Structure formats: structure tokens, C-alpha cells
$ cat final-v6.csv   # CSV, C-alpha atoms
chain,number,residue,atom,x,y,z
A,180,GLY,CA,-51.2,-165.7,143.6
A,181,ILE,CA,-47.6,-165.1,144.5
A,182,GLN,CA,-46.8,-161.8,146.2
A,183,VAL,CA,-43.7,-159.8,145.4
A,184,GLU,CA,-42.6,-157.0,147.7
A,185,GLN,CA,-39.7,-154.6,146.9
A,186,SER,CA,-38.0,-152.2,149.2
A,187,PRO,CA,-37.4,-149.3,149.5
A,188,PRO,CA,-40.0,-147.9,147.1
A,189,ASP,CA,-38.0,-144.8,146.5
A,190,LEU,CA,-34.3,-144.1,146.9
A,191,ILE,CA,-32.3,-140.9,146.3
A,192,LEU,CA,-28.5,-141.1,146.4
A,193,GLN,CA,-25.5,-139.0,145.4
A,194,GLU,CA,-23.3,-140.1,142.6
A,195,GLY,CA,-20.7,-142.6,143.8
A,196,ALA,CA,-22.8,-144.1,146.6
A,197,ASN,CA,-23.7,-147.7,147.0
A,198,SER,CA,-27.2,-149.2,147.4
A,199,THR,CA,-29.0,-152.4,148.2
A,200,LEU,CA,-32.4,-153.1,146.8
A,201,ARG,CA,-34.5,-156.0,148.3
A,202,CYS,CA,-37.1,-158.3,146.9
A,203,ASN,CA,-39.2,-160.6,149.1
A,204,PHE,CA,-41.5,-163.2,147.6
A,205,SER,CA,-44.2,-165.3,149.2
A,206,ASP,CA,-43.7,-168.8,147.6
A,207,SER,CA,-41.0,-171.0,146.0
A,208,VAL,CA,-40.2,-169.8,142.5
A,209,ASN,CA,-38.6,-171.3,139.4
A,210,ASN,CA,-37.3,-168.0,138.0
A,211,LEU,CA,-36.3,-164.6,139.4
A,212,GLN,CA,-35.2,-161.7,137.3
A,213,TRP,CA,-34.0,-158.2,138.0
A,214,PHE,CA,-34.8,-155.5,135.4
A,215,HIS,CA,-34.0,-151.8,135.0
A,216,GLN,CA,-36.7,-149.8,133.2
A,217,ASN,CA,-35.3,-146.9,131.3
A,218,PRO,CA,-37.1,-143.6,130.9
A,219,TRP,CA,-38.4,-144.8,127.5
A,220,GLY,CA,-40.0,-147.8,129.0
A,221,GLN,CA,-37.7,-150.6,127.9
A,222,LEU,CA,-37.1,-153.3,130.4
A,223,ILE,CA,-33.4,-154.1,130.4
A,224,ASN,CA,-32.4,-157.5,131.8
A,225,LEU,CA,-30.0,-157.2,134.6
A,226,PHE,CA,-29.9,-160.7,136.1
A,227,TYR,CA,-31.6,-164.1,135.8
A,228,ILE,CA,-31.0,-165.4,139.2
A,229,PRO,CA,-33.4,-168.0,140.7
A,230,SER,CA,-30.6,-168.8,143.2
A,231,GLY,CA,-27.0,-168.0,144.1
A,232,THR,CA,-24.9,-164.9,143.4
A,233,LYS,CA,-24.0,-163.2,140.1
A,234,GLN,CA,-22.0,-160.1,139.3
A,235,ASN,CA,-21.9,-157.9,136.2
A,236,GLY,CA,-19.6,-154.9,136.5
A,237,ARG,CA,-20.8,-152.6,139.3
A,238,LEU,CA,-24.0,-154.6,139.8
A,239,SER,CA,-24.4,-157.9,141.6
A,240,ALA,CA,-27.3,-159.9,142.9
A,241,THR,CA,-27.9,-162.6,145.4
A,242,THR,CA,-31.0,-164.8,145.7
A,243,VAL,CA,-31.6,-167.0,148.8
A,244,ALA,CA,-34.4,-169.2,147.5
A,245,THR,CA,-34.9,-171.0,150.8
A,246,GLU,CA,-35.6,-167.7,152.6
A,247,ARG,CA,-37.5,-166.2,149.7
A,248,TYR,CA,-35.6,-163.1,149.0
A,249,SER,CA,-33.2,-161.5,146.6
A,250,LEU,CA,-30.9,-158.5,146.8
A,251,LEU,CA,-29.6,-156.2,144.1
A,252,TYR,CA,-26.4,-154.3,144.9
A,253,ILE,CA,-25.3,-151.2,142.9
A,254,SER,CA,-21.9,-149.9,143.7
A,255,SER,CA,-20.3,-146.5,142.7
A,256,SER,CA,-23.7,-145.2,141.4
A,257,GLN,CA,-23.8,-143.1,138.3
A,258,THR,CA,-26.5,-140.8,137.1
A,259,THR,CA,-27.3,-143.2,134.3
A,260,ASP,CA,-28.3,-145.8,137.0
A,261,SER,CA,-31.4,-143.7,137.7
A,262,GLY,CA,-34.8,-145.3,136.8
A,263,VAL,CA,-37.0,-148.0,138.2
A,264,TYR,CA,-35.7,-151.4,139.2
A,265,PHE,CA,-38.1,-154.3,139.1
A,266,CYS,CA,-37.8,-157.7,140.6
A,267,ALA,CA,-40.0,-160.4,138.9
A,268,VAL,CA,-40.6,-164.0,139.8
A,269,ARG,CA,-42.2,-166.9,138.1
A,270,ILE,CA,-43.7,-170.3,139.1
A,271,ASP,CA,-45.3,-171.7,136.0
A,272,ASP,CA,-46.7,-169.0,133.8
A,273,GLY,CA,-45.5,-165.4,133.2
A,274,LEU,CA,-43.5,-163.3,135.4
A,275,THR,CA,-45.1,-161.5,138.4
A,276,PHE,CA,-43.5,-158.1,139.0
A,277,GLY,CA,-43.0,-156.3,142.3
A,278,LYS,CA,-44.0,-152.6,142.4
A,279,GLY,CA,-40.4,-151.5,141.8
A,280,THR,CA,-37.8,-149.3,143.4
A,281,HIS,CA,-37.5,-145.8,142.0
A,282,LEU,CA,-33.9,-144.8,142.1
A,283,ILE,CA,-32.6,-141.3,141.6
A,284,ILE,CA,-28.9,-140.7,141.4
A,285,GLN,CA,-28.0,-137.0,141.8
A,286,PRO,CA,-24.7,-135.6,140.4
B,49,ASP,CA,-30.0,-154.2,121.2
B,50,THR,CA,-33.2,-156.1,122.0
B,51,GLU,CA,-33.9,-159.2,120.0
B,52,VAL,CA,-37.7,-158.7,120.6
B,53,THR,CA,-39.0,-156.1,118.1
B,54,GLN,CA,-42.3,-154.4,118.6
B,55,THR,CA,-44.1,-152.1,116.2
B,56,PRO,CA,-45.4,-149.5,116.2
B,57,LYS,CA,-43.5,-147.7,119.0
B,58,HIS,CA,-46.3,-145.2,119.4
B,59,LEU,CA,-50.0,-145.5,118.4
B,60,VAL,CA,-52.8,-143.1,118.8
B,61,MET,CA,-56.3,-144.4,118.1
B,62,GLY,CA,-59.9,-143.4,118.5
B,63,MET,CA,-62.4,-145.6,120.4
B,64,THR,CA,-64.0,-146.8,117.1
B,65,ASN,CA,-60.7,-147.7,115.4
B,66,LYS,CA,-59.3,-151.2,114.8
B,67,LYS,CA,-55.5,-151.4,115.1
B,68,SER,CA,-52.9,-154.1,115.8
B,69,LEU,CA,-49.7,-154.2,117.7
B,70,LYS,CA,-47.0,-156.5,116.4
B,71,CYS,CA,-44.1,-158.4,118.0
B,72,GLU,CA,-41.4,-160.5,116.4
B,73,GLN,CA,-38.5,-162.5,117.9
B,74,HIS,CA,-35.9,-164.6,116.1
B,75,MET,CA,-34.3,-166.4,119.1
B,76,GLY,CA,-36.2,-169.6,118.5
B,77,HIS,CA,-38.3,-169.1,121.6
B,78,ARG,CA,-41.5,-171.0,121.9
B,79,ALA,CA,-43.3,-168.9,124.6
B,80,MET,CA,-44.5,-165.4,124.0
B,81,TYR,CA,-46.2,-162.9,126.3
B,82,TRP,CA,-48.2,-159.7,126.2
B,83,TYR,CA,-48.0,-157.4,129.2
B,84,LYS,CA,-49.7,-154.1,129.9
B,85,GLN,CA,-48.1,-151.4,132.0
B,86,LYS,CA,-49.9,-148.3,133.2
B,87,ALA,CA,-48.0,-145.2,134.3
B,88,LYS,CA,-46.1,-145.7,137.6
B,89,LYS,CA,-47.2,-149.3,137.9
B,90,PRO,CA,-45.5,-152.6,137.3
B,91,PRO,CA,-46.2,-154.6,134.1
B,92,GLU,CA,-49.2,-156.9,134.4
B,93,LEU,CA,-49.5,-160.2,132.4
B,94,MET,CA,-52.3,-160.3,129.8
B,95,PHE,CA,-51.7,-163.3,127.6
B,96,VAL,CA,-49.3,-166.2,127.2
B,97,TYR,CA,-48.7,-168.3,124.1
B,98,SER,CA,-46.9,-171.6,124.2
B,99,TYR,CA,-46.0,-173.4,121.0
B,100,GLU,CA,-48.4,-171.0,119.1
B,101,LYS,CA,-51.3,-171.9,121.4
B,102,LEU,CA,-53.0,-169.6,123.8
B,103,SER,CA,-52.0,-170.9,127.2
B,104,ILE,CA,-53.0,-168.1,129.6
B,105,ASN,CA,-55.6,-165.4,129.4
B,106,GLU,CA,-55.6,-163.2,132.5
B,107,SER,CA,-59.3,-162.3,132.2
B,108,VAL,CA,-58.5,-159.6,129.6
B,109,PRO,CA,-61.6,-157.9,128.0
B,110,SER,CA,-62.5,-159.2,124.5
B,111,ARG,CA,-61.6,-155.9,122.9
B,112,PHE,CA,-58.1,-157.2,123.1
B,113,SER,CA,-57.6,-160.1,120.8
B,114,PRO,CA,-54.2,-161.9,120.6
B,115,GLU,CA,-52.9,-163.9,117.7
B,116,CYS,CA,-49.8,-166.1,117.2
B,117,PRO,CA,-49.6,-166.8,113.5
B,118,ASN,CA,-46.2,-168.6,113.9
B,119,SER,CA,-43.5,-169.2,116.4
B,120,SER,CA,-41.8,-165.9,115.7
B,121,LEU,CA,-44.8,-163.5,115.6
B,122,LEU,CA,-47.3,-162.3,118.1
B,123,ASN,CA,-50.0,-159.8,117.4
B,124,LEU,CA,-52.4,-158.0,119.6
B,125,HIS,CA,-55.6,-156.8,117.8
B,126,LEU,CA,-57.3,-153.8,119.3
B,127,HIS,CA,-61.0,-152.9,118.7
B,128,ALA,CA,-63.4,-150.5,120.5
B,129,LEU,CA,-60.8,-149.6,123.2
B,130,GLN,CA,-61.5,-147.2,126.0
B,131,PRO,CA,-59.3,-144.2,127.1
B,132,GLU,CA,-58.4,-146.2,130.2
B,133,ASP,CA,-56.7,-148.8,127.9
B,134,SER,CA,-54.0,-146.2,127.2
B,135,ALA,CA,-50.8,-147.8,128.4
B,136,LEU,CA,-47.4,-149.2,127.4
B,137,TYR,CA,-47.9,-152.7,125.9
B,138,LEU,CA,-44.8,-154.9,126.3
B,139,CYS,CA,-44.1,-158.1,124.4
B,140,ALA,CA,-41.7,-160.8,125.8
B,141,SER,CA,-40.4,-164.2,124.8
B,142,SER,CA,-38.7,-167.1,126.5
B,143,GLN,CA,-37.4,-170.5,125.4
B,144,ARG,CA,-40.4,-172.3,126.8
B,145,LEU,CA,-43.3,-172.0,129.2
B,146,ALA,CA,-43.4,-175.4,130.9
B,147,GLY,CA,-41.6,-175.6,134.3
B,148,GLY,CA,-41.5,-171.8,134.6
B,149,THR,CA,-37.7,-171.7,134.1
B,150,GLY,CA,-35.9,-169.7,131.5
B,151,GLU,CA,-35.2,-166.0,131.1
B,152,LEU,CA,-37.8,-163.6,129.6
B,153,PHE,CA,-36.7,-161.0,127.2
B,154,PHE,CA,-38.8,-157.9,126.5
B,155,GLY,CA,-39.2,-155.6,123.5
B,156,GLU,CA,-39.1,-151.9,123.8
B,157,GLY,CA,-42.9,-151.6,124.0
B,158,SER,CA,-45.7,-149.9,122.1
B,159,ARG,CA,-47.1,-146.8,123.8
B,160,LEU,CA,-50.8,-146.7,123.1
B,161,THR,CA,-53.0,-143.6,123.5
B,162,VAL,CA,-56.8,-144.0,123.1
B,163,LEU,CA,-58.7,-140.8,122.5
$ encode --input "final-v6.csv" --output "C-alpha cells"
Amino acid sequence: GIQVEQSPPDLILQEGANSTLRCNFSDSVNNLQWFHQNPWGQLINLFYIPSGTKQNGRLSATTVATERYSLLYISSSQTTDSGVYFCAVRIDDGLTFGKGTHLIIQP
Amino acid sequence: DTEVTQTPKHLVMGMTNKKSLKCEQHMGHRAMYWYKQKAKKPPELMFVYSYEKLSINESVPSRFSPECPNSSLLNLHLHALQPEDSALYLCASSQRLAGGTGELFFGEGSRLTVL
């Protein structure tokens, strides 16, 4: 099956810092999504981005499908950005998730 | 607010109990999914329904029995579970399955503890 690798696995930053999270995948995909999982377990949709660039407030994402990677940018981090960020990809069936990046934003 | 609703949010059951997890969506989606997530791990796909028919079963033990009574509802029936089945169970939906496109939307999850 398709492999999804996320880096870094853990990231600790001070409030106000910027960060870049990376997602590499092993095959061509029809769908790529970024999620933020909050402490209660809910997966919050950040971006649906099989290709191209999107921005939503302090967050933006870029997927280069031909090179099989996606980047999630978080600017001016806030403590509420803490949590696990998952990249997930899909060919035909359900989403396959990477192992996630655990982000801690310290005040 | 999520448009995929899961009940109950928390469930504690013994190994001999029979219980069910329920999921409902009103977005007109025709594909629905069950995922299982253990602590500090990513979600793993269990079942996929497309147009109310079971499309994918990822080799899940028979003590988990899915059911899709109509296009808005998805159930997961639980029987004779083991303590290692304790996990967060997530339901999701998308417009369709074929072609693999379309965004998945997740519910808040049902946190299951098996004693």
C-alpha cells in the first residue's frame, strides 16, 4: 500500500514562531488532506489539497503532486495551535494517514 | 460544528456485552467510513460503505460488525470485544468513493473502553 511519511515527528516552538511540516507519499494520489487533531480527539479539516497552494488565515499548504510531497506552513504560532497534525492521502478507498507531527507551542 | 455526529461519545463495556456505535450525516454523502485510532497512533481504516453497500473491509475481526441502514446512518455493532479493542472510533463521510477524490469529514469520535 501507499506509504505516508511526516516530518518532523515532534516540534516544540515558542509562541509567535513559524513552522513548516512536511508530508512525503510514495505514489500518485487523488486526494490529500491536512488535519489538526485536538486534545479531545476530533480531526479538524485544515486543507483539502491534492495539488497547488491554499491559504487560510495563518495557515497555508502546498502540494507538489509530481514530486509527491506536501507542506503545511503555520505562521505566528499560538498556544491553541498545539496538537497533532496529520497528513492523509487517498488513491481509491479510504484515507491513509501519516504518523503525524506532534506540535507544542509554548507561551 | 461537525456535520458528522457520533454517539455515544464515551462507552465502557465488558467483554461479554453487546453495544453499538452510531454515526449520522446529513450532507448527502454516499460514502461512509469507520476508522480506529489507538493512543498516540494515526487512524486506521476499518470499513468503507459506498451507496449503502460494504465496499472495503480491512480484515477486521468479526466481533466488529458494520451496518449501513440508509445513506445517512452508519452503525458499528460490537460483541465479545477484548481489552485491546479499547480505542477512539471515528466515523467519516465523503461525497462518493469512486475515483478517490472528494474531501472526508470526520465526526468527534466515540471513545471505547473494554474492561
$ closest_residue --input "final-v6.csv" --among "A:Leu222, A:Ala240, A:Leu282, A:Val183" --to "chain B" --atoms "all atoms listed in the file"
A:Leu222
$ interface_residues --input "final-v6.csv" --of "chain A" --to "chain B" --cutoff "10 Å" --atoms "only C-alpha atoms" --output "VMD selection string"
chain A and resid 208 to 212 216 to 217 219 to 224 226 to 229 263 265 to 279 281
$ residues_around --input "final-v6.csv" --residues "segment 107-120 of chain B" --least-positions-apart "2" --cutoff "7 Å" --atoms "all atoms listed in the file" --output "PDB file with C-alpha atoms, in the coordinates of the input"
ATOM      1  CA  GLU B  72     -41.400-160.500 116.400  1.00  0.00           C
ATOM      2  CA  GLN B  73     -38.500-162.500 117.900  1.00  0.00           C
ATOM      3  CA  HIS B  74     -35.900-164.600 116.100  1.00  0.00           C
ATOM      4  CA  ARG B  78     -41.500-171.000 121.900  1.00  0.00           C
ATOM      5  CA  MET B  94     -52.300-160.300 129.800  1.00  0.00           C
ATOM      6  CA  TYR B  99     -46.000-173.400 121.000  1.00  0.00           C
ATOM      7  CA  GLU B 100     -48.400-171.000 119.100  1.00  0.00           C
ATOM      8  CA  ASN B 105     -55.600-165.400 129.400  1.00  0.00           C
ATOM      9  CA  LEU B 122     -47.300-162.300 118.100  1.00  0.00           C
ATOM     10  CA  ASN B 123     -50.000-159.800 117.400  1.00  0.00           C
ATOM     11  CA  LEU B 124     -52.400-158.000 119.600  1.00  0.00           C
ATOM     12  CA  HIS B 125     -55.600-156.800 117.800  1.00  0.00           C
ATOM     13  CA  LEU B 126     -57.300-153.800 119.300  1.00  0.00           C
ATOM     14  CA  HIS B 127     -61.000-152.900 118.700  1.00  0.00           C
ATOM     15  CA  ALA B 128     -63.400-150.500 120.500  1.00  0.00           C
ATOM     16  CA  LEU B 129     -60.800-149.600 123.200  1.00  0.00           C
TER      17      LEU B 129
END
$ atom_distance --input "final-v6.csv" --atom1 "atom CA of Ser198 of chain A" --atom2 "atom CA of Val243 of chain A"
18.4 Å
$ closest_residue --input "final-v6.csv" --among "A:Asp206, A:Glu194, A:Asp189, A:Glu184" --to "Ser255 of chain A" --atoms "all atoms listed in the file"
A:Glu194
$ closest_residue --input "final-v6.csv" --among "B:Leu102, B:Val162, B:Met75, B:Val52" --to "Gln130 of chain B" --atoms "all atoms listed in the file"
B:Val162
$ closest_residue --input "final-v6.csv" --among "A:Ser205, A:Thr232, A:Thr245, A:Gln193" --to "Gly180 of chain A" --atoms "only C-alpha atoms"
A:Ser205
$ atom_distance --input "final-v6.csv" --atom1 "atom CA of Ser261 of chain A" --atom2 "atom CA of Thr241 of chain A"
20.7 Å
$ atom_distance --input "final-v6.csv" --atom1 "atom CA of Ser256 of chain A" --atom2 "atom CA of Ile284 of chain A"
6.9 Å
